[in-house]
file model_33.txt (compact mmCIF, C-alpha atoms)
# COMPACT_ATOMS: atom_id res chain seq x y z
CA MET A 343 -22.94 6.56 31.29
CA ALA A 344 -22.89 10.34 31.51
CA SER A 345 -24.03 10.26 35.13
CA LYS A 346 -21.12 8.05 36.18
CA GLU A 347 -17.77 9.49 37.12
CA VAL A 348 -15.49 8.83 34.14
CA THR A 349 -11.77 9.03 34.84
CA SER A 350 -9.30 9.75 32.09
CA THR A 351 -7.80 6.26 32.35
CA ASP A 352 -11.24 4.86 31.58
CA GLU A 353 -11.30 6.98 28.45
CA PHE A 354 -8.12 5.29 27.30
CA VAL A 355 -8.73 1.76 28.55
CA LYS A 356 -12.22 1.37 27.14
CA GLY A 357 -10.86 1.20 23.59
CA LEU A 358 -8.53 -1.63 24.52
CA TRP A 359 -11.12 -4.04 25.81
CA ARG A 360 -14.69 -3.01 26.72
CA ASP A 361 -15.30 -1.08 23.48
CA ASN A 362 -12.55 -2.60 21.36
CA PRO A 363 -13.26 -1.23 17.87
CA VAL A 364 -12.61 -4.50 16.04
CA PHE A 365 -13.63 -7.28 18.42
CA ILE A 366 -16.54 -5.58 20.21
CA GLN A 367 -17.83 -2.77 18.00
CA VAL A 368 -16.86 -4.65 14.82
CA LEU A 369 -15.97 -1.39 13.07
CA GLY A 370 -13.38 -0.83 10.39
CA MET A 371 -13.60 -4.36 9.07
CA CYS A 372 -12.24 -3.50 5.62
CA PRO A 373 -8.65 -2.78 6.70
CA ALA A 374 -8.85 -5.25 9.59
CA LEU A 375 -9.48 -8.10 7.18
CA ALA A 376 -7.57 -6.87 4.16
CA VAL A 377 -4.25 -5.59 5.48
CA SER A 378 -3.73 -8.11 8.27
CA ASN A 379 -2.01 -10.76 6.12
CA THR A 380 1.31 -10.17 7.89
CA ALA A 381 2.04 -8.88 11.36
CA LEU A 382 4.10 -5.97 10.01
CA ASN A 383 1.37 -4.79 7.63
CA ALA A 384 -1.15 -5.03 10.45
CA LEU A 385 1.06 -3.00 12.77
CA ALA A 386 1.72 -0.31 10.17
CA MET A 387 -1.95 -0.04 9.27
CA GLY A 388 -2.88 0.15 12.96
CA LEU A 389 -0.35 2.91 13.64
CA ALA A 390 -1.44 4.90 10.58
CA THR A 391 -5.05 4.62 11.69
CA THR A 392 -4.11 5.61 15.24
CA PHE A 393 -2.36 8.73 13.96
CA VAL A 394 -5.40 9.73 11.92
CA LEU A 395 -7.70 8.99 14.88
CA LEU A 396 -5.61 11.16 17.20
CA MET A 397 -5.25 14.09 14.83
CA SER A 398 -8.84 14.09 13.61
CA GLY A 399 -10.13 13.64 17.16
CA LEU A 400 -8.05 16.59 18.34
CA SER A 401 -9.10 18.83 15.44
CA VAL A 402 -12.77 17.96 15.63
CA SER A 403 -12.75 18.52 19.38
CA LEU A 404 -10.98 21.89 19.06
CA LEU A 405 -13.38 23.00 16.33
CA ARG A 406 -16.51 21.52 17.92
CA ASN A 407 -18.09 24.90 18.63
CA PHE A 408 -17.08 26.30 15.26
CA ILE A 409 -18.60 23.51 13.13
CA PRO A 410 -22.36 23.92 12.71
CA ARG A 411 -24.43 20.78 13.22
CA GLU A 412 -25.81 20.74 9.66
CA ALA A 413 -22.38 20.85 8.03
CA ARG A 414 -20.59 18.56 10.45
CA ILE A 415 -20.17 15.45 8.28
CA VAL A 416 -18.54 17.31 5.41
CA CYS A 417 -16.20 19.08 7.83
CA TYR A 418 -15.23 15.84 9.59
CA ILE A 419 -14.56 14.03 6.33
CA CYS A 420 -12.48 16.95 5.08
CA ILE A 421 -10.36 16.92 8.25
CA ILE A 422 -9.98 13.13 8.20
CA ALA A 423 -9.04 13.10 4.50
CA THR A 424 -6.38 15.73 5.17
CA PHE A 425 -4.67 13.64 7.81
CA VAL A 426 -4.95 10.48 5.71
CA THR A 427 -3.25 12.27 2.82
CA SER A 428 -0.53 13.41 5.23
CA VAL A 429 -0.04 9.86 6.50
CA ASP A 430 0.20 8.69 2.89
CA TYR A 431 3.07 11.11 2.19
CA LEU A 432 4.75 10.35 5.52
CA ILE A 433 4.73 6.61 4.85
CA MET A 434 6.13 7.22 1.37
CA ALA A 435 8.90 9.29 2.91
CA LEU A 436 9.52 6.60 5.52
CA SER A 437 9.63 3.53 3.29
CA LEU A 438 8.43 2.91 -0.24
CA GLU A 439 8.38 -0.83 0.43
CA LEU A 440 5.89 -0.35 3.23
CA HIS A 441 3.83 1.97 1.06
CA ARG A 442 3.77 -0.71 -1.62
CA ALA A 443 2.61 -3.33 0.86
CA LEU A 444 -0.23 -1.23 2.27
CA GLY A 445 -1.24 -0.19 -1.23
CA ALA A 446 -4.67 1.27 -1.70
CA PHE A 447 -5.63 0.74 1.92
CA ILE A 448 -3.94 3.89 3.19
CA ALA A 449 -6.29 6.05 1.14
CA LEU A 450 -9.17 3.93 2.38
CA ILE A 451 -8.52 4.96 6.00
CA VAL A 452 -10.74 7.93 5.07
CA VAL A 453 -13.79 5.71 4.90
CA ASN A 454 -12.91 3.67 7.99
CA CYS A 455 -16.14 4.16 9.91
CA LEU A 456 -14.22 3.90 13.18
CA ILE A 457 -12.65 7.31 12.62
CA LEU A 458 -15.80 9.12 11.54
CA GLY A 459 -17.61 7.25 14.31
CA ARG A 460 -15.25 8.53 17.03
CA ALA A 461 -15.34 12.07 15.61
CA GLU A 462 -19.12 12.09 15.59
CA ALA A 463 -19.82 10.15 18.77
CA PHE A 464 -17.03 11.38 21.01
CA ALA A 465 -14.67 14.11 19.86
CA SER A 466 -17.46 16.50 18.83
CA LYS A 467 -18.91 16.37 22.37
CA HIS A 468 -15.77 16.41 24.53
CA LYS A 469 -12.76 18.55 25.38
CA PRO A 470 -9.53 18.03 23.37
CA GLY A 471 -7.73 16.16 26.17
CA ARG A 472 -10.54 13.65 26.50
CA ALA A 473 -10.80 13.31 22.72
CA LEU A 474 -7.06 12.61 22.47
CA LEU A 475 -7.24 9.92 25.14
CA ASP A 476 -10.25 8.37 23.48
CA GLY A 477 -8.53 8.42 20.10
CA LEU A 478 -5.37 6.93 21.56
CA GLY A 479 -7.30 4.17 23.32
CA MET A 480 -9.34 3.31 20.24
CA GLY A 481 -6.24 3.48 18.04
CA VAL A 482 -4.20 1.21 20.30
CA GLY A 483 -7.17 -1.16 20.58
CA PHE A 484 -7.50 -1.22 16.79
CA THR A 485 -3.76 -1.76 16.34
CA LEU A 486 -3.68 -4.59 18.86
CA ALA A 487 -6.69 -6.26 17.26
CA LEU A 488 -5.11 -6.04 13.80
CA LEU A 489 -1.86 -7.33 15.21
CA PHE A 490 -3.64 -10.31 16.81
CA ILE A 491 -5.27 -11.18 13.47
CA GLY A 492 -2.04 -10.53 11.57
CA VAL A 493 0.08 -12.71 13.86
CA VAL A 494 -2.27 -15.69 13.44
CA ARG A 495 -2.43 -15.23 9.67
CA GLU A 496 1.30 -14.79 9.19
CA ILE A 497 2.29 -17.73 11.38
CA LEU A 498 -0.13 -20.11 9.68
CA GLY A 499 -0.05 -18.63 6.19
CA SER A 500 3.64 -17.90 5.76
CA GLY A 501 5.18 -19.87 8.63
CA SER A 502 6.88 -16.73 9.93
CA LEU A 503 6.40 -13.86 12.34
CA PHE A 504 7.53 -10.34 11.38
CA GLY A 505 9.35 -12.00 8.48
CA VAL A 506 11.32 -14.39 10.74
CA ALA A 507 10.62 -18.06 10.12
CA VAL A 508 9.08 -19.78 13.17
CA PHE A 509 8.63 -23.27 11.82
CA PRO A 510 11.22 -25.77 10.54
CA ASP A 511 11.57 -25.98 6.75
CA GLY A 512 9.17 -28.89 6.36
CA PHE A 513 6.15 -26.82 7.46
CA GLN A 514 3.40 -26.75 4.84
CA THR A 515 2.03 -23.20 4.91
CA TRP A 516 -1.73 -22.66 4.88
CA THR A 517 -1.90 -20.36 1.88
CA VAL A 518 -5.58 -19.74 2.53
CA MET A 519 -4.67 -17.72 5.64
CA VAL A 520 -2.86 -15.13 3.50
CA LEU A 521 -5.81 -14.89 1.12
CA PRO A 522 -8.73 -12.60 2.02
CA SER A 523 -10.75 -15.56 3.32
CA GLY A 524 -8.01 -16.19 5.89
CA GLY A 525 -8.87 -12.81 7.38
CA PHE A 526 -12.36 -14.02 8.10
CA PHE A 527 -11.08 -17.24 9.67
CA ALA A 528 -8.64 -15.42 11.96
CA MET A 529 -11.27 -12.80 12.79
CA ALA A 530 -13.83 -15.48 13.67
CA LEU A 531 -11.31 -17.24 15.87
CA TRP A 532 -10.60 -14.11 17.87
CA LEU A 533 -14.28 -13.15 18.08
CA LEU A 534 -14.95 -16.60 19.50
CA ILE A 535 -12.25 -16.22 22.14
CA VAL A 536 -13.23 -12.65 23.07
CA ASN A 537 -16.93 -13.49 23.34
CA ARG A 538 -16.17 -16.56 25.41
CA ILE A 539 -14.17 -14.47 27.88
CA LYS A 540 -16.90 -11.82 27.96
CA GLN A 541 -19.54 -14.43 28.74
CA LYS A 542 -17.45 -15.88 31.53
CA GLN A 543 -16.93 -12.42 32.99
CA ALA A 544 -20.64 -11.69 32.81
CA ALA A 545 -21.42 -14.98 34.52
CA THR A 546 -18.99 -14.37 37.38
CA ALA A 547 -20.27 -10.81 37.76
CA LYS A 548 -23.79 -12.18 38.15
CA THR A 549 -22.86 -14.73 40.80
CA VAL A 550 -20.98 -12.06 42.72
CA GLU A 551 -24.07 -9.90 42.64
CA VAL A 552 -26.29 -12.71 43.84
CA THR A 553 -24.02 -13.77 46.69
CA SER A 554 -23.39 -10.28 48.00
CA MET B 748 -33.46 8.54 15.54
CA ASN B 749 -32.15 11.91 16.55
CA VAL B 750 -34.64 13.95 18.47
CA PRO B 751 -34.33 17.46 17.00
CA ASP B 752 -32.54 19.65 19.52
CA GLN B 753 -34.02 22.94 20.55
CA GLN B 754 -31.27 24.73 18.64
CA PRO B 755 -31.83 27.82 16.57
CA GLN B 756 -31.47 27.48 12.81
CA THR B 757 -27.83 27.80 11.84
CA SER B 758 -27.18 30.74 9.59
CA ALA B 759 -25.83 30.17 6.09
CA TRP B 760 -22.88 32.38 6.96
CA SER B 761 -21.66 30.20 9.81
CA MET B 762 -21.88 27.09 7.66
CA TYR B 763 -20.05 28.83 4.86
CA ARG B 764 -17.42 30.05 7.29
CA ALA B 765 -16.89 26.58 8.76
CA ILE B 766 -16.63 24.75 5.44
CA VAL B 767 -14.40 27.29 3.70
CA GLY B 768 -12.28 27.78 6.81
CA ILE B 769 -11.71 24.08 7.34
CA GLY B 770 -11.10 23.61 3.61
CA ALA B 771 -8.41 26.30 3.63
CA PHE B 772 -6.84 24.91 6.79
CA CYS B 773 -6.76 21.39 5.35
CA ALA B 774 -5.25 22.62 2.09
CA LEU B 775 -2.53 24.35 4.07
CA VAL B 776 -1.75 21.22 6.09
CA ILE B 777 -1.50 19.10 2.94
CA VAL B 778 0.77 21.61 1.21
CA VAL B 779 3.07 21.76 4.24
CA VAL B 780 3.28 17.97 4.52
CA PHE B 781 3.80 17.58 0.78
CA GLN B 782 6.56 20.17 0.68
CA SER B 783 8.35 18.81 3.69
CA THR B 784 8.29 15.19 2.49
CA ALA B 785 8.86 15.75 -1.25
CA ALA B 786 12.65 15.64 -1.07
CA ARG B 787 12.69 12.49 1.06
CA ILE B 788 10.20 10.77 -1.23
CA ARG B 789 12.20 11.62 -4.37
CA ASP B 790 15.32 10.38 -2.64
CA ASN B 791 13.56 7.14 -1.68
CA GLN B 792 12.31 6.65 -5.22
CA GLU B 793 15.78 7.14 -6.67
CA ARG B 794 17.27 4.69 -4.22
CA PHE B 795 14.46 2.25 -4.90
CA LEU B 796 15.07 2.49 -8.66
CA ALA B 797 18.83 2.11 -8.28
CA ALA B 798 18.32 -0.98 -6.12
CA ALA B 799 15.83 -2.37 -8.62
CA ILE B 800 18.26 -1.82 -11.52
CA ALA B 801 20.99 -3.62 -9.60
CA GLU B 802 18.53 -6.44 -9.03
CA VAL B 803 17.50 -6.97 -12.66
CA LEU B 804 21.03 -6.45 -14.06
CA PRO B 805 23.57 -7.17 -11.32
CA GLU B 806 26.59 -6.21 -13.46
CA THR B 807 25.42 -2.59 -13.55
CA ARG B 808 27.82 -0.03 -12.10
CA THR B 809 26.71 3.14 -13.88
CA THR B 810 23.66 4.04 -15.89
CA VAL B 811 22.81 6.63 -18.53
CA ALA B 812 19.19 7.60 -19.01
CA VAL B 813 18.23 7.62 -22.67
CA GLY B 814 15.28 8.86 -24.68
CA LEU B 815 14.22 9.32 -28.26
CA ALA B 816 15.20 12.46 -30.21
CA GLU B 817 12.67 14.01 -32.55
CA ASP B 818 14.14 12.13 -35.52
CA GLY B 819 13.76 8.82 -33.65
CA ARG B 820 17.43 8.43 -32.74
CA LEU B 821 18.46 7.24 -29.29
CA VAL B 822 20.02 10.09 -27.29
CA PRO B 823 21.06 10.62 -23.67
CA THR B 824 18.46 12.59 -21.78
CA THR B 825 18.35 14.53 -18.56
CA GLU B 826 14.58 14.68 -18.40
CA THR B 827 12.79 12.42 -15.95
CA LEU B 828 10.51 10.37 -18.16
CA ALA B 829 7.41 8.62 -16.89
CA LEU B 830 8.90 5.34 -18.11
CA PRO B 831 12.66 5.84 -18.01
CA VAL B 832 15.04 3.73 -20.08
CA PHE B 833 18.68 3.28 -19.08
CA LEU B 834 21.79 1.93 -20.69
CA ALA B 835 23.78 0.08 -18.06
CA PHE B 836 27.59 -0.13 -18.03
CA ASP B 837 29.66 -2.60 -16.06
CA GLU B 838 32.83 -2.09 -14.04
CA SER B 839 35.09 -1.88 -17.07
CA GLY B 840 32.82 0.68 -18.73
CA GLN B 841 31.45 -1.81 -21.23
CA LEU B 842 27.78 -1.80 -22.20
CA ALA B 843 26.22 -4.44 -19.98
CA GLY B 844 22.67 -4.11 -21.21
CA ALA B 845 19.63 -1.91 -21.11
CA VAL B 846 17.18 -1.51 -18.26
CA LEU B 847 13.69 -0.45 -19.25
CA THR B 848 10.56 0.59 -17.39
CA ALA B 849 7.24 -0.45 -18.86
CA MET B 850 3.65 -0.07 -17.82
CA GLY B 851 0.32 -1.55 -18.78
CA MET B 852 -3.08 -2.49 -17.47
CA GLY B 853 -3.28 -5.48 -15.16
CA TYR B 854 -6.34 -6.96 -13.52
CA GLN B 855 -6.89 -4.17 -10.97
CA ASP B 856 -4.80 -1.24 -12.05
CA ASN B 857 -1.69 -0.34 -14.01
CA ILE B 858 1.31 -2.56 -13.41
CA ARG B 859 4.75 -0.96 -13.67
CA VAL B 860 7.69 -3.25 -14.33
CA LEU B 861 11.43 -2.99 -14.78
CA TYR B 862 13.28 -5.40 -17.04
CA ALA B 863 16.80 -5.87 -18.34
CA TYR B 864 17.68 -6.51 -21.98
CA SER B 865 20.97 -8.17 -22.85
CA PHE B 866 22.60 -7.20 -26.17
CA GLU B 867 24.71 -10.36 -26.05
CA GLN B 868 21.86 -12.82 -25.62
CA ASN B 869 19.22 -10.76 -27.47
CA ALA B 870 16.94 -11.61 -24.60
CA ILE B 871 15.22 -10.25 -21.54
CA VAL B 872 17.42 -11.38 -18.67
CA GLY B 873 15.94 -9.74 -15.60
CA PHE B 874 12.51 -8.69 -14.45
CA LYS B 875 10.97 -6.98 -11.44
CA ILE B 876 7.55 -5.58 -10.68
CA LEU B 877 7.83 -2.00 -9.43
CA GLU B 878 4.20 -1.31 -8.75
CA SER B 879 1.12 -3.46 -8.82
CA LYS B 880 -2.23 -3.67 -7.09
CA GLU B 881 -3.00 -7.20 -8.24
CA THR B 882 -5.17 -9.42 -6.06
CA PRO B 883 -3.20 -10.62 -3.03
CA GLY B 884 -2.68 -14.37 -3.17
CA LEU B 885 -3.75 -14.63 -6.82
CA GLY B 886 -2.47 -12.01 -9.24
CA ASP B 887 0.44 -11.02 -7.04
CA ARG B 888 1.85 -14.54 -7.31
CA VAL B 889 3.65 -13.32 -10.45
CA GLU B 890 6.18 -11.87 -7.98
CA ILE B 891 6.87 -15.09 -6.08
CA GLU B 892 5.99 -18.13 -8.23
CA PRO B 893 9.38 -19.74 -9.06
CA HIS B 894 8.36 -21.17 -12.45
CA PHE B 895 7.05 -17.78 -13.53
CA ILE B 896 10.16 -15.90 -12.43
CA ALA B 897 12.25 -18.49 -14.30
CA ASN B 898 10.67 -17.18 -17.52
CA PHE B 899 12.83 -14.11 -17.31
CA GLU B 900 16.20 -15.77 -17.01
CA ALA B 901 16.44 -15.62 -20.80
CA LEU B 902 13.24 -14.58 -22.56
CA ASP B 903 13.98 -14.36 -26.26
CA ALA B 904 13.54 -10.89 -27.74
CA SER B 905 15.65 -11.20 -30.88
CA LEU B 906 14.86 -9.01 -33.86
CA SER B 907 13.61 -10.03 -37.27
CA ALA B 908 16.05 -10.04 -40.20
CA ASP B 909 15.55 -6.35 -41.06
CA GLY B 910 15.84 -5.32 -37.42
CA SER B 911 12.61 -3.33 -37.35
CA ALA B 912 10.55 -5.57 -35.08
CA LEU B 913 10.76 -8.57 -32.77
CA ALA B 914 11.20 -11.83 -34.64
CA ASN B 915 8.58 -13.43 -32.43
CA PRO B 916 6.10 -11.52 -30.31
CA ILE B 917 6.43 -12.20 -26.59
CA VAL B 918 3.28 -14.01 -25.50
CA THR B 919 2.01 -15.63 -22.35
CA VAL B 920 0.86 -19.22 -22.72
CA LYS B 921 -1.04 -21.46 -20.33
CA GLN B 922 0.91 -22.89 -17.45
CA GLY B 923 3.06 -25.81 -18.58
CA GLU B 924 2.57 -25.16 -22.31
CA LYS B 925 5.73 -23.14 -22.93
CA THR B 926 7.57 -24.55 -25.94
CA ASP B 927 9.54 -21.60 -27.35
CA PRO B 928 12.02 -19.25 -25.67
CA TRP B 929 9.87 -16.18 -26.44
CA GLN B 930 6.88 -17.58 -24.59
CA ILE B 931 6.05 -16.84 -20.97
CA ASP B 932 4.83 -19.79 -18.94
CA GLY B 933 1.70 -18.36 -17.29
CA ILE B 934 0.20 -19.01 -13.86
CA THR B 935 -3.09 -20.79 -13.43
CA GLY B 936 -5.17 -18.59 -11.15
CA ALA B 937 -3.31 -15.47 -12.26
CA THR B 938 -4.19 -15.74 -15.94
CA ILE B 939 -5.07 -12.10 -16.50
CA THR B 940 -2.03 -10.77 -14.66
CA SER B 941 0.41 -13.09 -16.40
CA GLU B 942 -1.09 -12.28 -19.80
CA ALA B 943 -0.95 -8.58 -18.99
CA LEU B 944 2.75 -8.88 -18.21
CA GLY B 945 3.30 -10.63 -21.55
CA ASN B 946 1.58 -7.74 -23.31
CA ILE B 947 3.49 -5.12 -21.37
CA LEU B 948 6.84 -6.71 -22.23
CA ASN B 949 5.87 -7.29 -25.86
CA ASN B 950 4.73 -3.69 -26.38
CA SER B 951 7.75 -2.20 -24.67
CA ALA B 952 10.29 -4.53 -26.28
CA SER B 953 8.77 -4.07 -29.76
CA GLU B 954 9.13 -0.33 -29.36
CA TRP B 955 12.56 -0.17 -27.74
CA VAL B 956 14.66 -3.18 -28.71
CA PRO B 957 14.95 -2.17 -32.42
CA VAL B 958 16.06 1.32 -31.42
CA LEU B 959 18.45 0.05 -28.75
CA GLU B 960 20.05 -2.49 -31.07
CA ARG B 961 20.52 0.17 -33.75
CA ASP B 962 21.78 3.08 -31.65
CA ALA B 963 23.05 1.81 -28.30
CA ASP B 964 26.67 1.81 -29.51
CA THR B 965 26.46 5.54 -30.25
CA ILE B 966 25.85 6.42 -26.60
CA GLU B 967 28.98 7.15 -24.60
CA ARG B 968 29.26 6.21 -20.99
CA GLY B 969 29.16 9.95 -20.31
CA ASP B 970 29.94 12.04 -17.27
CA ARG B 971 26.35 12.48 -16.25
CA SER B 972 25.99 8.81 -15.46
CA ASN B 973 24.75 8.43 -11.95
CA GLY B 974 26.94 6.05 -10.04
CA GLN B 975 25.60 3.67 -7.49

call {"tool": "encode", "arguments": {"input": "model_33.txt", "output": "structure tokens"}}
result
Amino acid sequence: MASKEVTSTDEFVKGLWRDNPVFIQVLGMCPALAVSNTALNALAMGLATTFVLLMSGLSVSLLRNFIPREARIVCYICIIATFVTSVDYLIMALSLELHRALGAFIALIVVNCLILGRAEAFASKHKPGRALLDGLGMGVGFTLALLFIGVVREILGSGSLFGVAVFPDGFQTWTVMVLPSGGFFAMALWLLIVNRIKQKQAATAKTVEVTS
Amino acid sequence: MNVPDQQPQTSAWSMYRAIVGIGAFCALVIVVVFQSTAARIRDNQERFLAAAIAEVLPETRTTVAVGLAEDGRLVPTTETLALPVFLAFDESGQLAGAVLTAMGMGYQDNIRVLYAYSFEQNAIVGFKILESKETPGLGDRVEIEPHFIANFEALDASLSADGSALANPIVTVKQGEKTDPWQIDGITGATITSEALGNILNNSASEWVPVLERDADTIERGDRSNGQ
């Protein structure tokens, strides 16, 4: 990969599809399954995670020559925890209702392996601009993935989307979709779709190679 | 996994410098964020509480925070208590009821609730969960289950003859087995949470209702009442 020419758009776009943190890397499953019971919760969690990804990526990248290899994990965790705490206060200042809905999961962004993973695998080896783009791409990819799961769960589980009813009154909601197990169902559904598309793409790529 | 790089051993000093430096920087960031959001958060919490009071006791127009004096009498207070108690007055300045905060252990963590006590009905007439981390879909059904919420339309909390304790302790019973007005009809599947709420209300009401019934008339509407 290093030998190839990597443009900055690639840095951003790879998080959306090729290396999507949830559907391809299957990282950060705890919040992806737990806080995706409604579309709004999923969106808020995704944005909070994106903020932490951006800020920690930037800091780790800026400090990459200052942090010795042996002490890197403790430094990364310290930086990540700082921004998570900040996000916690910011959300409280924004809306207590939202803070109530996200509950304990805001604090748990600290242990989202996606963030430590990007700090370790990318930000610590690249310039700040690149790290920001990577963080933004991964964050948007994570947010979109959560939103996809959240939309399915909210429509089926509560019969609404962003709190607005989408079905007529007679609709029997699938309560199981709001429960934790519903997260697994929605996740499996999307993994199936994503993998199917990936396979198709791989197949067409092969035939193109053969014919040319 | 990692092939050791041909890097020189890092000196203790540079590790020390990095960890302490980053620690100090992080502490600074947190302090700045905390300071700059503190006012907004307090504001939000006050608004949230005011809205919650209006929800559990809709007649409320003004409130006076009360606490216990050293001799056990009910007195107005300006301190912010961990579990504040308010006397609520309606439009005409009459005592509409009391709004109390209570807290206790649920299934996952502490549950904080707000409830309204009516002096006229000698009963709990409004109830709202302020904070809970109960299991989504199971324990948190106490906030949405209609038959459970109906418990708090008039949950008996009348005092015994000598006025020192509740005549009947508030208890949670199994779903569908409620026979008396002081019982809470529980939720199957949220047994621990519904029982915990029964305990929270019983403990708080046993402590406060006798005092409120005895002394509430002595509290004036006061100028410090915070309007809504």

call {"tool": "closest_residue", "arguments": {"input": "model_33.txt", "among": "B:Met850, B:Val778, B:Leu842, B:Leu913", "to": "chain A", "atoms": "all atoms listed in the file"}}
result
B:Val778

call {"tool": "interface_residues", "arguments": {"input": "model_33.txt", "of": "chain B", "to": "chain A", "cutoff": "8 Å", "atoms": "only C-alpha atoms", "output": "PyMOL selection string"}}
result
chain B and resi 757+761-762+765-766+769-770+773-774+776-777+780-781+784-785+787-788+791-792+795+878+880+883-884

call {"tool": "closest_residue", "arguments": {"input": "model_33.txt", "among": "A:Val506, A:Ala386, A:Leu531, A:Ala465", "to": "A:Ile491", "atoms": "only C-alpha atoms"}}
result
A:Leu531

call {"tool": "residues_around", "arguments": {"input": "model_33.txt", "residues": "B:Val958", "least_positions_apart": "3", "cutoff": "10 Å", "atoms": "all atoms listed in the file", "output": "count of residues only"}}
result
14

call {"tool": "closest_residue", "arguments": {"input": "model_33.txt", "among": "B:Leu948, B:Val813, B:Ile939, B:Ala798", "to": "B:Thr965", "atoms": "all atoms listed in the file"}}
result
B:Val813

call {"tool": "atom_distance", "arguments": {"input": "model_33.txt", "atom1": "atom CA of A:Ile448", "atom2": "atom CA of A:Gly505"}}
result
21.4 Å

call {"tool": "atom_distance", "arguments": {"input": "model_33.txt", "atom1": "atom CA of B:Ser951", "atom2": "atom CA of B:Glu806"}}
result
22.3 Å

call {"tool": "closest_residue", "arguments": {"input": "model_33.txt", "among": "B:Thr882, B:Val889, B:Ala870, B:Glu900", "to": "B:Ala914", "atoms": "all atoms listed in the file"}}
result
B:Ala870

call {"tool": "atom_distance", "arguments": {"input": "model_33.txt", "atom1": "atom CA of B:Gln841", "atom2": "atom CA of B:Asp818"}}
result
26.4 Å

call {"tool": "residues_around", "arguments": {"input": "model_33.txt", "residues": "A:Leu385", "least_positions_apart": "3", "cutoff": "6 Å", "atoms": "all atoms listed in the file", "output": "ChimeraX atom specification"}}
result
/A:382,388,489

call {"tool": "residues_around", "arguments": {"input": "model_33.txt", "residues": "stretch 475-477 of chain A", "least_positions_apart": "2", "cutoff": "12 Å", "atoms": "only C-alpha atoms", "output": "VMD selection string"}}
result
chain A and resid 348 to 358 361 to 363 389 391 to 403 456 to 461 463 to 473 479 to 485

call {"tool": "closest_residue", "arguments": {"input": "model_33.txt", "among": "B:Pro831, B:Asp932, B:Leu885, B:Ser879", "to": "B:Tyr862", "atoms": "all atoms listed in the file"}}
result
B:Pro831

call {"tool": "residues_near_point", "arguments": {"input": "model_33.txt", "point": "(18.4, -7.8, -15.2)", "cutoff": "9 Å", "atoms": "all atoms listed in the file", "output": "PyMOL selection string"}}
result
chain B and resi 799-807+844-846+861-865+871-875+899-900

call {"tool": "write_last_selection", "arguments": {"input": "model_33.txt", "atoms": "C-alpha atoms", "output": "mmCIF file, in the frame of the given file"}}
result
data_model
loop_
_atom_site.group_PDB
_atom_site.id
_atom_site.type_symbol
_atom_site.label_atom_id
_atom_site.label_comp_id
_atom_site.auth_asym_id
_atom_site.auth_seq_id
_atom_site.Cartn_x
_atom_site.Cartn_y
_atom_site.Cartn_z
ATOM 1 C CA ALA B 799 15.830 -2.370 -8.620
ATOM 2 C CA ILE B 800 18.260 -1.820 -11.520
ATOM 3 C CA ALA B 801 20.990 -3.620 -9.600
ATOM 4 C CA GLU B 802 18.530 -6.440 -9.030
ATOM 5 C CA VAL B 803 17.500 -6.970 -12.660
ATOM 6 C CA LEU B 804 21.030 -6.450 -14.060
ATOM 7 C CA PRO B 805 23.570 -7.170 -11.320
ATOM 8 C CA GLU B 806 26.590 -6.210 -13.460
ATOM 9 C CA THR B 807 25.420 -2.590 -13.550
ATOM 10 C CA GLY B 844 22.670 -4.110 -21.210
ATOM 11 C CA ALA B 845 19.630 -1.910 -21.110
ATOM 12 C CA VAL B 846 17.180 -1.510 -18.260
ATOM 13 C CA LEU B 861 11.430 -2.990 -14.780
ATOM 14 C CA TYR B 862 13.280 -5.400 -17.040
ATOM 15 C CA ALA B 863 16.800 -5.870 -18.340
ATOM 16 C CA TYR B 864 17.680 -6.510 -21.980
ATOM 17 C CA SER B 865 20.970 -8.170 -22.850
ATOM 18 C CA ILE B 871 15.220 -10.250 -21.540
ATOM 19 C CA VAL B 872 17.420 -11.380 -18.670
ATOM 20 C CA GLY B 873 15.940 -9.740 -15.600
ATOM 21 C CA PHE B 874 12.510 -8.690 -14.450
ATOM 22 C CA LYS B 875 10.970 -6.980 -11.440
ATOM 23 C CA PHE B 899 12.830 -14.110 -17.310
ATOM 24 C CA GLU B 900 16.200 -15.770 -17.010
#

call {"tool": "decode", "arguments": {"input": "model_33.txt", "residues": "stretch 934-953 of chain B", "atoms": "C-alpha atoms", "output": "compact mmCIF listing (two decimals), in the first residue's frame"}}
result
# COMPACT_ATOMS: atom_id res chain seq x y z
CA ILE B 934 -43.94 -5.32 35.63
CA THR B 935 -43.12 -8.89 34.70
CA GLY B 936 -39.66 -8.78 33.17
CA ALA B 937 -38.74 -5.67 35.13
CA THR B 938 -39.24 -7.18 38.58
CA ILE B 939 -36.10 -5.80 40.18
CA THR B 940 -36.58 -2.29 38.81
CA SER B 941 -40.24 -2.09 39.79
CA GLU B 942 -39.48 -3.39 43.27
CA ALA B 943 -36.61 -0.93 43.59
CA LEU B 944 -38.97 1.93 42.74
CA GLY B 945 -41.38 0.71 45.42
CA ASN B 946 -38.56 0.77 47.96
CA ILE B 947 -37.34 4.18 46.86
CA LEU B 948 -40.82 5.69 47.22
CA ASN B 949 -41.48 3.93 50.52
CA ASN B 950 -38.20 5.09 52.07
CA SER B 951 -38.58 8.65 50.87
CA ALA B 952 -42.27 8.96 51.71
CA SER B 953 -41.78 7.41 55.18
